[in-house]
Amino acid sequence: MIKRILITACIAISTVCMSAQTPKWYKKAKKTQITVFTFDQDDNLLHSGNGFYISEDGIALANYQLFKGASSAKVIDAGGKEYPVSAIMGASSLYDVVKFKVETPKKTATLKMADRAGVKHEAVYIMPYPTSERPGCHCDTLLNIQTFNNDYHYYTLKNGFDDKYVNCPVFTEEGELLAMIQQQATGNSSNGYAIGVNYGASLCINAMSASDNDLNGIHIRKALPDEEDEAATFLYMAAGMSDSASYQQYLDAFIEQFPTNPNAYTQRADFYLAHGNYAKAEADIETSLEKNNNSAETYYTFGKMLYQLNLRPDYQIYKDWNMEKAISMAEEAIKRDSLPLYVYQAGLINYALKAYEKAYAQFVELTKTNMRSADLFLYAAQCKTMMDADTLEILALQDSAVACFKQPYPQAAAQSLMSRANTLLQLKRYKEAIIDLNAYERLMSNDLNANFYYIREQAEMKSRMYQQAMDDIDRAIRMAPTEPLYHAERAVIFYRIGEFEEAIKSCQNAIKLAPQYADAYRIMGICQVYNKKREEGMANLQKAATLGDTLAKDLIDKKDFPE
């Protein structure tokens, strides 16, 4: 009798354990589990691991390290079906969680996430993945619950787990999804650790995520933000941070997500133009015009695209997509809305078409608007230059460009100062030119080349500023020591101040660099004659004349050449 009672009790206890190991919701929960494979850019297997769905639209969680460095990924669900990972929806290397979208043709299995944090000493269930040697759930206990970021929880479990349990879902007794097992920090820990699934579910993409290091550590396309404005900002930032294939995926995804946004079509058209796919660009432009009701902005954008396209030296004209088409689009934009920006674009195109009078009128018109700037006056001055206008007219426009800035000049004034300096040099107003060149030097001190110092040295020589000229030509030589012109110019300065021996040395340096340099032979010959070395000097003048120097020939023919 007693034996029978003991056997009955054992059977009862066994039944209780079995129900604990295989709860009623087990089969349904098992369908949420997936096996994940990640691949590098050459389609080589990078990592394999596990994850699980948290919503019926194919959103899943796994650990971040599984996806780090991956260029693509796929999953195999509980039924053996294979699907690609289409986008990363959030990532945290700190908490080792990644949220991703699986491209499935129908709704996926999912379970309700727990709406509570749990309590200490509560019993929970860990559900291993199909590769586990022990099928069914494992019972465990919550030893500790820590809160982070105000709303999320990190759990310490009674039992430790090896690596094959990483990403295993943790359930409450009611079968609600509570947490996911994490990698052990140390191999000898007797406890297990899990992070709340509500944290993984909260991961998302926002407008600034294009620069997120954790997300960029995964090379799979990121999901766009849900809000259109945020998605547009993300797309803008991604343009400069993504390779062309990824950027096209973002453009396609944006249009799929926000199909009524006309700007998205012009943005993708611009991408197609840059890659020579003109037919697709044309289709997107037409769609943009249709969705934007033939707006001025779309015509302006299309005209700008064609302008930039026609400036490319390798561009082979597609259909009628030439500069004439570009100006017609710009003019269509102006007909609908004469915004200064649209007029500015028309001015640039007219200049490219050599319609300088039209371009000049448009740039001058813009100087009377809120777009007034130094650049507009410089563009107008360049138009006048191409029209062979009076140099004083050009100078007046350049004066206006410089007047757009207050002293001390900002770096933005550099181009205006250099343009005016060049015109002053043409007018032989050397001292005024030197003032502008000095101001330019102060602004651009880290970006100056030898030619700048040579140009200023020439103006200083005309102004008899010999010491300043010597300093500048020495700078030019230090920056470009193999340029014979600068050595010959240094010789000229020494000649002007009567230092004939130094002048001869500089000529010799020039000739070493360019043995057929006629100017150097002529200057050296003159210096030698004046230095009472007539025979050597005449020989070098003759050498210069032989090399085609007419000035040297004139000196040889002169009767009054000094003895």
# chains A, B, ... in the order shown; residues from 1 in each chain; ligands from 1
$ residues_around --residues "stretch 68-82 of chain A" --least-positions-apart "2" --cutoff "10 Å" --atoms "only C-alpha atoms" --output "VMD selection string"
chain A and resid 30 to 53 63 to 66 84 to 87 91 93 98 102 to 104 108 to 109 129 to 130 214 to 221
$ write_last_selection --atoms "C-alpha atoms" --output "PDB file, in the first residue's frame"
ATOM      1  CA  LYS A  30       8.574  27.920 -30.926  1.00  0.00           C
ATOM      2  CA  LYS A  31       7.288  29.288 -34.251  1.00  0.00           C
ATOM      3  CA  THR A  32       8.694  32.726 -33.417  1.00  0.00           C
ATOM      4  CA  GLN A  33      12.294  31.468 -33.376  1.00  0.00           C
ATOM      5  CA  ILE A  34      14.592  31.944 -36.381  1.00  0.00           C
ATOM      6  CA  THR A  35      18.131  30.966 -37.317  1.00  0.00           C
ATOM      7  CA  VAL A  36      20.174  33.903 -38.620  1.00  0.00           C
ATOM      8  CA  PHE A  37      23.091  33.831 -41.082  1.00  0.00           C
ATOM      9  CA  THR A  38      25.113  36.975 -41.829  1.00  0.00           C
ATOM     10  CA  PHE A  39      27.506  37.463 -44.765  1.00  0.00           C
ATOM     11  CA  ASP A  40      30.342  39.807 -45.719  1.00  0.00           C
ATOM     12  CA  GLN A  41      30.518  41.884 -48.915  1.00  0.00           C
ATOM     13  CA  ASP A  42      31.800  38.860 -50.864  1.00  0.00           C
ATOM     14  CA  ASP A  43      28.894  36.696 -49.677  1.00  0.00           C
ATOM     15  CA  ASN A  44      31.127  34.669 -47.386  1.00  0.00           C
ATOM     16  CA  LEU A  45      29.475  33.448 -44.182  1.00  0.00           C
ATOM     17  CA  LEU A  46      30.339  35.844 -41.373  1.00  0.00           C
ATOM     18  CA  HIS A  47      28.338  34.571 -38.391  1.00  0.00           C
ATOM     19  CA  SER A  48      25.401  32.332 -37.582  1.00  0.00           C
ATOM     20  CA  GLY A  49      23.140  32.570 -34.579  1.00  0.00           C
ATOM     21  CA  ASN A  50      19.556  32.890 -33.501  1.00  0.00           C
ATOM     22  CA  GLY A  51      16.801  35.419 -33.046  1.00  0.00           C
ATOM     23  CA  PHE A  52      13.044  35.657 -32.718  1.00  0.00           C
ATOM     24  CA  TYR A  53      10.130  37.648 -34.098  1.00  0.00           C
ATOM     25  CA  ASN A  63      22.469  40.181 -30.623  1.00  0.00           C
ATOM     26  CA  TYR A  64      24.453  43.028 -32.198  1.00  0.00           C
ATOM     27  CA  GLN A  65      27.694  41.048 -32.580  1.00  0.00           C
ATOM     28  CA  LEU A  66      25.919  38.614 -34.900  1.00  0.00           C
ATOM     29  CA  PRO A  84      16.250  37.799 -46.565  1.00  0.00           C
ATOM     30  CA  VAL A  85      16.852  40.498 -43.965  1.00  0.00           C
ATOM     31  CA  SER A  86      15.740  43.681 -45.736  1.00  0.00           C
ATOM     32  CA  ALA A  87      16.668  46.389 -43.241  1.00  0.00           C
ATOM     33  CA  ALA A  91      21.126  48.741 -32.957  1.00  0.00           C
ATOM     34  CA  SER A  93      26.499  47.640 -29.257  1.00  0.00           C
ATOM     35  CA  VAL A  98      19.884  44.601 -32.954  1.00  0.00           C
ATOM     36  CA  VAL A 102      12.784  40.141 -42.352  1.00  0.00           C
ATOM     37  CA  GLU A 103      11.176  40.272 -45.802  1.00  0.00           C
ATOM     38  CA  THR A 104       8.397  37.712 -45.497  1.00  0.00           C
ATOM     39  CA  THR A 108       4.926  35.951 -39.025  1.00  0.00           C
ATOM     40  CA  ALA A 109       4.288  34.106 -35.781  1.00  0.00           C
ATOM     41  CA  TYR A 129      16.702  27.099 -30.124  1.00  0.00           C
ATOM     42  CA  PRO A 130      16.151  23.984 -32.261  1.00  0.00           C
ATOM     43  CA  ASP A 214      26.569  51.251 -34.166  1.00  0.00           C
ATOM     44  CA  LEU A 215      24.295  51.351 -37.197  1.00  0.00           C
ATOM     45  CA  ASN A 216      27.193  52.090 -39.538  1.00  0.00           C
ATOM     46  CA  GLY A 217      29.023  49.084 -38.117  1.00  0.00           C
ATOM     47  CA  ILE A 218      26.400  47.031 -39.970  1.00  0.00           C
ATOM     48  CA  HIS A 219      26.498  47.426 -43.763  1.00  0.00           C
ATOM     49  CA  ILE A 220      22.937  46.295 -44.394  1.00  0.00           C
ATOM     50  CA  ARG A 221      20.484  49.048 -45.380  1.00  0.00           C
TER      51      ARG A 221
END
$ closest_atom_pairs --of "stretch 419-463 of chain A" --to "stretch 474-487 of chain A" --cutoff "12 Å" --atoms "only C-alpha atoms" --output "JSON lines"
{"residue": "A:Asp447", "atom": "CA", "partner": "A:Met479", "partner_atom": "CA", "distance": 11.9}
{"residue": "A:Leu448", "atom": "CA", "partner": "A:Met479", "partner_atom": "CA", "distance": 9.6}
{"residue": "A:Asn449", "atom": "CA", "partner": "A:Met479", "partner_atom": "CA", "distance": 7.1}
{"residue": "A:Ala450", "atom": "CA", "partner": "A:Ala476", "partner_atom": "CA", "distance": 4.2}
{"residue": "A:Asn451", "atom": "CA", "partner": "A:Ala476", "partner_atom": "CA", "distance": 6.9}
{"residue": "A:Phe452", "atom": "CA", "partner": "A:Ala476", "partner_atom": "CA", "distance": 8.0}
{"residue": "A:Tyr453", "atom": "CA", "partner": "A:Ala476", "partner_atom": "CA", "distance": 5.7}
{"residue": "A:Tyr454", "atom": "CA", "partner": "A:Ala476", "partner_atom": "CA", "distance": 6.3}
{"residue": "A:Ile455", "atom": "CA", "partner": "A:Ala476", "partner_atom": "CA", "distance": 9.8}
{"residue": "A:Arg456", "atom": "CA", "partner": "A:Ala476", "partner_atom": "CA", "distance": 10.3}
{"residue": "A:Glu457", "atom": "CA", "partner": "A:Ala476", "partner_atom": "CA", "distance": 9.3}
{"residue": "A:Gln458", "atom": "CA", "partner": "A:Tyr486", "partner_atom": "CA", "distance": 10.9}
$ closest_residue --among "A:Ser189, A:Gln528, A:Thr22, A:Asn149" --to "A:Phe161" --atoms "only C-alpha atoms"
A:Ser189
$ residues_around --residues "A:Lys354" --least-positions-apart "2" --cutoff "12 Å" --atoms "only C-alpha atoms" --output "list in words"
Met323, Glu324, Gly347, Leu348, Ile349, Asn350, Tyr351, Ala352, Tyr356, Glu357, Lys358, Ala359, Tyr360, Gln382, Cys383, Lys384, Thr385, Met386 and Met387 of chain A
$ residues_around --residues "stretch 113-126 of chain A" --least-positions-apart "5" --cutoff "9 Å" --atoms "only C-alpha atoms" --output "ChimeraX atom specification"
/A:20-21,54,136-145,152-153,165,168-173,175-181,196-198
$ write_last_selection --atoms "N, CA, C and O atoms" --output "tab-separated table (two decimals), in the first residue's frame"
chain	number	residue	atom	x	y	z
A	20	ALA	N	5.78	21.88	-16.50
A	20	ALA	CA	6.61	23.07	-16.34
A	20	ALA	C	7.61	23.18	-17.47
A	20	ALA	O	7.95	24.27	-17.91
A	21	GLN	N	8.10	22.04	-17.94
A	21	GLN	CA	9.11	22.04	-19.00
A	21	GLN	C	8.47	22.31	-20.36
A	21	GLN	O	9.12	22.84	-21.25
A	54	ILE	N	9.28	39.61	-32.98
A	54	ILE	CA	8.56	40.31	-31.92
A	54	ILE	C	7.28	40.96	-32.45
A	54	ILE	O	6.53	41.56	-31.68
A	136	GLY	N	12.28	21.74	-25.40
A	136	GLY	CA	11.40	22.19	-24.34
A	136	GLY	C	11.97	23.40	-23.63
A	136	GLY	O	13.07	23.85	-23.93
A	137	CYS	N	11.21	23.96	-22.70
A	137	CYS	CA	11.66	25.14	-21.96
A	137	CYS	C	12.41	24.74	-20.70
A	137	CYS	O	12.20	23.66	-20.14
A	138	HIS	N	13.28	25.65	-20.27
A	138	HIS	CA	14.01	25.43	-19.02
A	138	HIS	C	13.51	26.42	-17.99
A	138	HIS	O	13.42	27.62	-18.26
A	139	CYS	N	13.20	25.93	-16.82
A	139	CYS	CA	12.73	26.79	-15.75
A	139	CYS	C	13.90	27.54	-15.12
A	139	CYS	O	15.01	27.00	-15.03
A	140	ASP	N	13.67	28.76	-14.72
A	140	ASP	CA	14.70	29.52	-14.01
A	140	ASP	C	14.00	30.53	-13.11
A	140	ASP	O	12.76	30.62	-13.08
A	141	THR	N	14.82	31.31	-12.39
A	141	THR	CA	14.28	32.27	-11.43
A	141	THR	C	14.95	33.62	-11.59
A	141	THR	O	16.17	33.69	-11.79
A	142	LEU	N	14.17	34.69	-11.49
A	142	LEU	CA	14.73	36.04	-11.53
A	142	LEU	C	15.33	36.37	-10.17
A	142	LEU	O	14.61	36.49	-9.17
A	143	LEU	N	16.66	36.51	-10.11
A	143	LEU	CA	17.32	36.84	-8.86
A	143	LEU	C	17.37	38.34	-8.62
A	143	LEU	O	17.31	38.82	-7.50
A	144	ASN	N	17.51	39.11	-9.73
A	144	ASN	CA	17.63	40.57	-9.58
A	144	ASN	C	17.11	41.26	-10.83
A	144	ASN	O	17.18	40.71	-11.94
A	145	ILE	N	16.56	42.46	-10.67
A	145	ILE	CA	16.05	43.27	-11.78
A	145	ILE	C	16.59	44.68	-11.63
A	145	ILE	O	16.35	45.34	-10.62
A	152	TYR	N	13.60	50.58	-19.00
A	152	TYR	CA	14.00	49.26	-19.44
A	152	TYR	C	14.69	48.49	-18.32
A	152	TYR	O	15.16	49.08	-17.34
A	153	HIS	N	14.77	47.14	-18.49
A	153	HIS	CA	15.22	46.30	-17.39
A	153	HIS	C	16.28	45.30	-17.83
A	153	HIS	O	16.27	44.81	-18.96
A	165	TYR	N	22.88	29.45	-25.81
A	165	TYR	CA	21.63	30.03	-25.32
A	165	TYR	C	21.51	31.53	-25.59
A	165	TYR	O	20.49	32.14	-25.26
A	168	CYS	N	18.25	33.45	-26.69
A	168	CYS	CA	17.06	32.68	-26.36
A	168	CYS	C	16.02	33.58	-25.69
A	168	CYS	O	16.36	34.35	-24.79
A	169	PRO	N	14.76	33.49	-26.07
A	169	PRO	CA	13.73	34.32	-25.43
A	169	PRO	C	13.39	33.80	-24.03
A	169	PRO	O	13.44	32.60	-23.77
A	170	VAL	N	13.06	34.74	-23.16
A	170	VAL	CA	12.67	34.43	-21.79
A	170	VAL	C	11.20	34.81	-21.64
A	170	VAL	O	10.79	35.93	-21.98
A	171	PHE	N	10.39	33.86	-21.11
A	171	PHE	CA	8.95	34.06	-21.00
A	171	PHE	C	8.48	34.05	-19.55
A	171	PHE	O	9.11	33.43	-18.68
A	172	THR	N	7.37	34.73	-19.32
A	172	THR	CA	6.69	34.60	-18.04
A	172	THR	C	5.92	33.28	-18.04
A	172	THR	O	5.80	32.61	-19.08
A	173	GLU	N	5.37	32.90	-16.89
A	173	GLU	CA	4.59	31.66	-16.82
A	173	GLU	C	3.37	31.72	-17.74
A	173	GLU	O	2.92	30.68	-18.24
A	175	GLY	N	3.38	32.92	-20.66
A	175	GLY	CA	3.81	32.85	-22.04
A	175	GLY	C	4.03	34.19	-22.70
A	175	GLY	O	4.09	34.29	-23.93
A	176	GLU	N	4.15	35.25	-21.89
A	176	GLU	CA	4.44	36.57	-22.45
A	176	GLU	C	5.95	36.77	-22.54
A	176	GLU	O	6.71	36.37	-21.65
A	177	LEU	N	6.38	37.41	-23.62
A	177	LEU	CA	7.80	37.61	-23.90
A	177	LEU	C	8.36	38.67	-22.96
A	177	LEU	O	7.89	39.81	-22.93
A	178	LEU	N	9.39	38.30	-22.18
A	178	LEU	CA	9.92	39.20	-21.16
A	178	LEU	C	11.32	39.71	-21.49
A	178	LEU	O	11.61	40.91	-21.37
A	179	ALA	N	12.22	38.83	-21.94
A	179	ALA	CA	13.63	39.22	-22.11
A	179	ALA	C	14.31	38.29	-23.09
A	179	ALA	O	13.70	37.37	-23.64
A	180	MET	N	15.59	38.56	-23.35
A	180	MET	CA	16.41	37.68	-24.19
A	180	MET	C	17.76	37.46	-23.50
A	180	MET	O	18.35	38.39	-22.94
A	181	ILE	N	18.23	36.23	-23.55
A	181	ILE	CA	19.49	35.87	-22.90
A	181	ILE	C	20.65	36.57	-23.60
A	181	ILE	O	20.70	36.64	-24.83
A	196	GLY	N	15.66	43.14	-21.22
A	196	GLY	CA	14.23	43.19	-21.53
A	196	GLY	C	13.97	43.39	-23.01
A	196	GLY	O	14.61	44.22	-23.65
A	197	VAL	N	13.02	42.63	-23.57
A	197	VAL	CA	12.73	42.75	-25.00
A	197	VAL	C	12.10	44.11	-25.32
A	197	VAL	O	12.16	44.56	-26.47
A	198	ASN	N	11.52	44.77	-24.30
A	198	ASN	CA	10.95	46.09	-24.58
A	198	ASN	C	12.04	47.09	-24.97
A	198	ASN	O	11.78	48.04	-25.71
$ select_by_dssp --residues "stretch 17-212 of chain A" --states "alpha helix (DSSP H)" --output "list in words"
Cys17, Met18, Ser19, Ala20, Gln21, Tyr26, Lys27, Lys28, Ala29, Lys30, Tyr64, Gln65, Leu66, Phe67, Val197, Asn198, Tyr199, Gly200, Ala201 and Ser202 of chain A
$ residues_around --residues "A:Leu203" --least-positions-apart "6" --cutoff "9 Å" --atoms "only C-alpha atoms" --output "number ranges by chain"
A: 89-92, 97-99
$ write_last_selection --atoms "all heavy atoms" --output "tab-separated table (two decimals), in the first residue's frame"
chain	number	residue	atom	x	y	z
A	89	MET	N	16.67	48.06	-38.20
A	89	MET	CA	15.73	49.03	-37.65
A	89	MET	C	16.22	49.70	-36.37
A	89	MET	O	15.58	50.60	-35.83
A	89	MET	CB	14.39	48.35	-37.40
A	89	MET	CG	13.82	47.68	-38.64
A	89	MET	SD	12.14	47.12	-38.41
A	89	MET	CE	11.26	48.66	-38.36
A	90	GLY	N	17.35	49.26	-35.87
A	90	GLY	CA	17.93	49.84	-34.66
A	90	GLY	C	19.05	48.95	-34.16
A	90	GLY	O	19.06	47.75	-34.45
A	91	ALA	N	19.99	49.53	-33.43
A	91	ALA	CA	21.13	48.74	-32.96
A	91	ALA	C	21.75	49.39	-31.74
A	91	ALA	O	21.80	50.62	-31.63
A	91	ALA	CB	22.17	48.57	-34.07
A	92	SER	N	22.26	48.56	-30.84
A	92	SER	CA	23.01	49.03	-29.68
A	92	SER	C	24.13	48.05	-29.39
A	92	SER	O	23.87	46.90	-29.00
A	92	SER	CB	22.10	49.16	-28.46
A	92	SER	OG	22.86	49.40	-27.29
A	97	VAL	N	22.22	44.43	-28.78
A	97	VAL	CA	20.91	44.12	-29.35
A	97	VAL	C	20.80	44.76	-30.73
A	97	VAL	O	21.24	45.89	-30.92
A	97	VAL	CB	19.76	44.65	-28.46
A	97	VAL	CG1	18.41	44.24	-29.04
A	97	VAL	CG2	19.89	44.14	-27.04
A	98	VAL	N	20.20	44.03	-31.66
A	98	VAL	CA	19.88	44.60	-32.95
A	98	VAL	C	18.44	44.25	-33.30
A	98	VAL	O	17.95	43.16	-32.99
A	98	VAL	CB	20.84	44.08	-34.06
A	98	VAL	CG1	20.71	42.59	-34.26
A	98	VAL	CG2	20.62	44.81	-35.37
A	99	LYS	N	17.76	45.21	-33.88
A	99	LYS	CA	16.38	45.02	-34.33
A	99	LYS	C	16.39	45.07	-35.85
A	99	LYS	O	16.99	45.98	-36.44
A	99	LYS	CB	15.52	46.14	-33.74
A	99	LYS	CG	14.05	46.12	-34.14
A	99	LYS	CD	13.37	47.32	-33.48
A	99	LYS	CE	11.94	47.51	-33.93
A	99	LYS	NZ	11.34	48.73	-33.34
$ select_by_dssp --residues "stretch 178-369 of chain A" --states "strand (DSSP E)" --output "PyMOL selection string"
chain A and resi 178-181+192-196
$ residues_around --residues "A:Gln411" --least-positions-apart "4" --cutoff "9 Å" --atoms "only C-alpha atoms" --output "number ranges by chain"
A: 415, 440, 442-444
$ write_last_selection --atoms "N, CA and C atoms" --output "compact mmCIF listing (two decimals), in the first residue's frame"
# COMPACT_ATOMS: atom_id res chain seq x y z
N GLN A 415 38.44 85.84 -52.82
CA GLN A 415 38.27 85.79 -54.27
C GLN A 415 38.03 87.19 -54.85
N TYR A 440 44.94 89.52 -49.44
CA TYR A 440 44.69 88.14 -49.87
C TYR A 440 45.64 87.18 -49.16
N ARG A 442 47.04 87.50 -46.24
CA ARG A 442 46.66 87.33 -44.84
C ARG A 442 45.50 86.32 -44.69
N LEU A 443 44.60 86.33 -45.66
CA LEU A 443 43.44 85.43 -45.59
C LEU A 443 43.76 84.01 -46.01
N MET A 444 44.71 83.88 -46.94
CA MET A 444 44.97 82.57 -47.55
C MET A 444 46.38 82.07 -47.28
$ residues_around --residues "A:Ser338" --least-positions-apart "3" --cutoff "12 Å" --atoms "only C-alpha atoms" --output "ChimeraX atom specification"
/A:296-297,300,330-335,341-346,362,365-366,369
$ atom_distance --atom1 "atom CA of A:Ser209" --atom2 "atom CA of A:Leu235"
10.0 Å
$ atom_distance --atom1 "atom CA of A:Lys106" --atom2 "atom CA of A:Lys164"
28.9 Å
$ atom_distance --atom1 "atom CA of A:Glu286" --atom2 "atom CA of A:Leu273"
14.0 Å
$ decode --residues "stretch 341-350 of chain A" --atoms "all heavy atoms" --output "PDB file, in the first residue's frame"
ATOM      1  N   LEU A 341      16.373  82.734 -56.609  1.00  0.00           N
ATOM      2  CA  LEU A 341      17.156  81.512 -56.820  1.00  0.00           C
ATOM      3  C   LEU A 341      16.999  80.996 -58.243  1.00  0.00           C
ATOM      4  O   LEU A 341      17.958  80.528 -58.860  1.00  0.00           O
ATOM      5  CB  LEU A 341      16.714  80.441 -55.821  1.00  0.00           C
ATOM      6  CG  LEU A 341      17.474  79.107 -55.868  1.00  0.00           C
ATOM      7  CD1 LEU A 341      18.954  79.319 -55.519  1.00  0.00           C
ATOM      8  CD2 LEU A 341      16.851  78.097 -54.915  1.00  0.00           C
ATOM      9  N   TYR A 342      15.784  81.095 -58.795  1.00  0.00           N
ATOM     10  CA  TYR A 342      15.535  80.625 -60.148  1.00  0.00           C
ATOM     11  C   TYR A 342      16.218  81.542 -61.171  1.00  0.00           C
ATOM     12  O   TYR A 342      16.756  81.077 -62.183  1.00  0.00           O
ATOM     13  CB  TYR A 342      14.032  80.562 -60.423  1.00  0.00           C
ATOM     14  CG  TYR A 342      13.255  79.664 -59.481  1.00  0.00           C
ATOM     15  CD1 TYR A 342      11.864  79.740 -59.403  1.00  0.00           C
ATOM     16  CD2 TYR A 342      13.907  78.743 -58.653  1.00  0.00           C
ATOM     17  CE1 TYR A 342      11.140  78.922 -58.546  1.00  0.00           C
ATOM     18  CE2 TYR A 342      13.191  77.922 -57.792  1.00  0.00           C
ATOM     19  CZ  TYR A 342      11.814  78.019 -57.736  1.00  0.00           C
ATOM     20  OH  TYR A 342      11.106  77.208 -56.885  1.00  0.00           O
ATOM     21  N   VAL A 343      16.189  82.851 -60.909  1.00  0.00           N
ATOM     22  CA  VAL A 343      16.860  83.811 -61.797  1.00  0.00           C
ATOM     23  C   VAL A 343      18.371  83.573 -61.780  1.00  0.00           C
ATOM     24  O   VAL A 343      19.046  83.641 -62.815  1.00  0.00           O
ATOM     25  CB  VAL A 343      16.540  85.256 -61.372  1.00  0.00           C
ATOM     26  CG1 VAL A 343      17.300  86.259 -62.235  1.00  0.00           C
ATOM     27  CG2 VAL A 343      15.036  85.509 -61.468  1.00  0.00           C
ATOM     28  N   TYR A 344      18.903  83.273 -60.612  1.00  0.00           N
ATOM     29  CA  TYR A 344      20.339  82.991 -60.473  1.00  0.00           C
ATOM     30  C   TYR A 344      20.739  81.784 -61.325  1.00  0.00           C
ATOM     31  O   TYR A 344      21.746  81.818 -62.045  1.00  0.00           O
ATOM     32  CB  TYR A 344      20.654  82.732 -59.009  1.00  0.00           C
ATOM     33  CG  TYR A 344      22.067  82.287 -58.727  1.00  0.00           C
ATOM     34  CD1 TYR A 344      23.138  83.172 -58.827  1.00  0.00           C
ATOM     35  CD2 TYR A 344      22.344  80.977 -58.341  1.00  0.00           C
ATOM     36  CE1 TYR A 344      24.437  82.770 -58.565  1.00  0.00           C
ATOM     37  CE2 TYR A 344      23.632  80.565 -58.077  1.00  0.00           C
ATOM     38  CZ  TYR A 344      24.669  81.455 -58.181  1.00  0.00           C
ATOM     39  OH  TYR A 344      25.953  81.049 -57.927  1.00  0.00           O
ATOM     40  N   GLN A 345      19.928  80.731 -61.259  1.00  0.00           N
ATOM     41  CA  GLN A 345      20.220  79.544 -62.061  1.00  0.00           C
ATOM     42  C   GLN A 345      20.183  79.874 -63.549  1.00  0.00           C
ATOM     43  O   GLN A 345      21.035  79.427 -64.325  1.00  0.00           O
ATOM     44  CB  GLN A 345      19.226  78.428 -61.737  1.00  0.00           C
ATOM     45  CG  GLN A 345      19.489  77.111 -62.451  1.00  0.00           C
ATOM     46  CD  GLN A 345      20.829  76.525 -62.083  1.00  0.00           C
ATOM     47  OE1 GLN A 345      21.191  76.455 -60.915  1.00  0.00           O
ATOM     48  NE2 GLN A 345      21.600  76.123 -63.082  1.00  0.00           N
ATOM     49  N   ALA A 346      19.222  80.683 -63.965  1.00  0.00           N
ATOM     50  CA  ALA A 346      19.138  81.097 -65.370  1.00  0.00           C
ATOM     51  C   ALA A 346      20.377  81.894 -65.768  1.00  0.00           C
ATOM     52  O   ALA A 346      20.890  81.746 -66.890  1.00  0.00           O
ATOM     53  CB  ALA A 346      17.878  81.920 -65.601  1.00  0.00           C
ATOM     54  N   GLY A 347      20.871  82.732 -64.877  1.00  0.00           N
ATOM     55  CA  GLY A 347      22.083  83.502 -65.167  1.00  0.00           C
ATOM     56  C   GLY A 347      23.280  82.603 -65.400  1.00  0.00           C
ATOM     57  O   GLY A 347      24.066  82.822 -66.336  1.00  0.00           O
ATOM     58  N   LEU A 348      23.422  81.567 -64.578  1.00  0.00           N
ATOM     59  CA  LEU A 348      24.540  80.625 -64.753  1.00  0.00           C
ATOM     60  C   LEU A 348      24.445  79.905 -66.100  1.00  0.00           C
ATOM     61  O   LEU A 348      25.451  79.725 -66.793  1.00  0.00           O
ATOM     62  CB  LEU A 348      24.538  79.599 -63.614  1.00  0.00           C
ATOM     63  CG  LEU A 348      24.868  80.113 -62.207  1.00  0.00           C
ATOM     64  CD1 LEU A 348      24.745  78.977 -61.195  1.00  0.00           C
ATOM     65  CD2 LEU A 348      26.274  80.709 -62.156  1.00  0.00           C
ATOM     66  N   ILE A 349      23.219  79.493 -66.446  1.00  0.00           N
ATOM     67  CA  ILE A 349      23.044  78.772 -67.714  1.00  0.00           C
ATOM     68  C   ILE A 349      23.298  79.696 -68.893  1.00  0.00           C
ATOM     69  O   ILE A 349      23.947  79.305 -69.879  1.00  0.00           O
ATOM     70  CB  ILE A 349      21.637  78.147 -67.781  1.00  0.00           C
ATOM     71  CG1 ILE A 349      21.424  77.150 -66.635  1.00  0.00           C
ATOM     72  CG2 ILE A 349      21.435  77.435 -69.126  1.00  0.00           C
ATOM     73  CD1 ILE A 349      19.999  76.634 -66.501  1.00  0.00           C
ATOM     74  N   ASN A 350      22.817  80.922 -68.825  1.00  0.00           N
ATOM     75  CA  ASN A 350      23.056  81.878 -69.914  1.00  0.00           C
ATOM     76  C   ASN A 350      24.553  82.147 -70.079  1.00  0.00           C
ATOM     77  O   ASN A 350      25.041  82.292 -71.204  1.00  0.00           O
ATOM     78  CB  ASN A 350      22.300  83.182 -69.653  1.00  0.00           C
ATOM     79  CG  ASN A 350      20.859  83.116 -70.123  1.00  0.00           C
ATOM     80  OD1 ASN A 350      20.579  82.527 -71.169  1.00  0.00           O
ATOM     81  ND2 ASN A 350      19.950  83.687 -69.360  1.00  0.00           N
TER      82      ASN A 350
END
